[in-house]
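Let me begin by presenting the structure, written as structure tokens, before commenting on it.
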Amino acid sequence: MPTFSLTPKGPFALSAALRFLADFTPAAYPPEDDGVLRLAFPADDGLHVVGCAVRQPGDAGDVRVEWSSDGAGPAAVRAQVARVLSLDVDGSGFPAVGRADSRVGRLQSEFPGLRPVCFYSPYEAAAWTVIGNRLRMTRAAAVKDGLARTYGEALTVAGRERHAFPLPAVLRALDSVPGVSAVKTERLHALAEAALDGRLDAAALRALPPEDALARLRELPGIGPFSAELILIRGAGHPDVFPRAEHRLHAAMAEAYGRAETPDALAPVAAGWRPYRSWVSLLFRAGAG
């Protein structure tokens with residue numbers, strides 16, 4: 001099986017990523033007992049499926065990835081895995097944010113080595129936002145997992161079975177999507193089409209000014225301000241966006257800093273986290289439980 005290594009710049013612990021995923025309902029990720037992160041996902045090209053086993057002995061040094069695919073190229077797989085684990089970002093300056101802001105520093109100490117673990121693609125993040133709209137998170141996660149098990153490809157990754165989310169062309173071709181309404185099915189079809197024609201390309205979204213990327217995402221059916229931010233931050237892996245539509249984050253920040261619970265009051269605080277505003281926002285949400 002081919003392999004490659006990713007060298008983290010700045011703090012990174014794979015065990016922190018595993019703990020995060022085990023508690024992150026949308027991932028439906030089972031706890032692992034051997035320290036291996038097993039991934040199965042549609043490649044960024046929307047045409048192929050990838051399976052990866054990710055290891056980092058001792059939570060230090062290089063991250064080693066064994067992978068297989070039915071057609072995705074090694075450079076593309078490497079870039080996508082790096083983005084999913086936020087290893088495509090130079091995090092060497094992240095500890096300095098905690099030294100400058102003691103509240104951030106405490107969170108960094110509480111969650112050592114934790115970086116955002118992203119959805120596999122903006123396409124999958126967008127599909128999650130549509131599926132999850134007005135559904136309990138556990139129910140939405142079950143619907144998403146059911147789609148993967150029924151219509152996605154099953155891969156054996158480091159000796160265990162994993163199911164990838166359906167490829168865009170497969171999702172687009174479904175007459176109905178189990179567990180969601182007809183309106184949501186239409187929106188999922190539109191998102192699959194957007195993925196196939198490049199409107200959900202992670203690199204293209206990150207290359208835009210965040211406000212332009214968010215405006216472009218809000219043009220998609222069923223994507224409002226909260227969903228657009230989730231797609232850009234947790235789908236495309238943008239490291240430096242302050243979420244203005246995430247009330248849970250605002251509540252945690254307001255309590256920590258004694259500010260009003262509004263984006264305008266909290267944005268100046270978040271400005272001090274640059275260029276890692278997305279990362280620190282994740283720590284505040286993790287700290288809020």
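Labels used: A, B, ... for chains in the order of the structure tokens, numbers from 1 for residues in each chain, and numbers from 1 for ligands as shown.
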Q. Which residues come within 9 Å of range 140-151 of chain A, counting only C-alpha atoms, excluding same-chain residues fewer than 2 positions away, as an MDAnalysis selection string?
A. chainID A and resid 25:28 127:128 131:133 135:138 153:154 162:167 170:171 177:180
Q | Neighbour list for Leu220 in chain A as a PyMOL selection string, cut-off 9 Å, only C-alpha atoms, skip fewer than 3 positions in-chain | A | chain A and resi 187+190-191+194+216-217+223-224
**Q.** Exercise: Pro57 in chain A partners within 9 Å, only C-alpha atoms, chain neighbours under 6 positions left out, as a PyMOL selection string
**A.** chain A and resi 14+35+63-64
Kindly provide the residues of range 99-201 of chain A that approach range 16-24 of chain A to within 8 Å, each paired with its closest atom pair and their distance in Å to one decimal, based on only C-alpha atoms, listed by chain and increasing number, as a Markdown table.
```
| residue | atom | partner | partner_atom | distance |
| --- | --- | --- | --- | --- |
| A:Phe111 | CA | A:Ala16 | CA | 7.2 |
| A:Pro112 | CA | A:Ala16 | CA | 7.2 |
| A:Gly113 | CA | A:Ala16 | CA | 6.2 |
| A:Leu114 | CA | A:Ala16 | CA | 5.2 |
| A:Arg115 | CA | A:Ala17 | CA | 7.2 |
| A:Pro116 | CA | A:Ala17 | CA | 7.9 |
| A:Val117 | CA | A:Ala17 | CA | 6.4 |
```
Q) When distances are computed from only C-alpha atoms, which of A:Arg55, A:Leu155, A:Thr129, A:Pro95 shows the smallest separation from Asp70 in chain A? A) A:Leu155
**Q.** DSSP strand (DSSP E) selection over range 143-217 of chain A, as a PyMOL selection string
**A.** chain A and resi 154-157+160-163
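Using only C-alpha atoms for every distance, the candidate list A:Ala270, A:Trp279, A:His247, A:Arg206 yields A:His247 as the residue closest to Pro225 in chain A.
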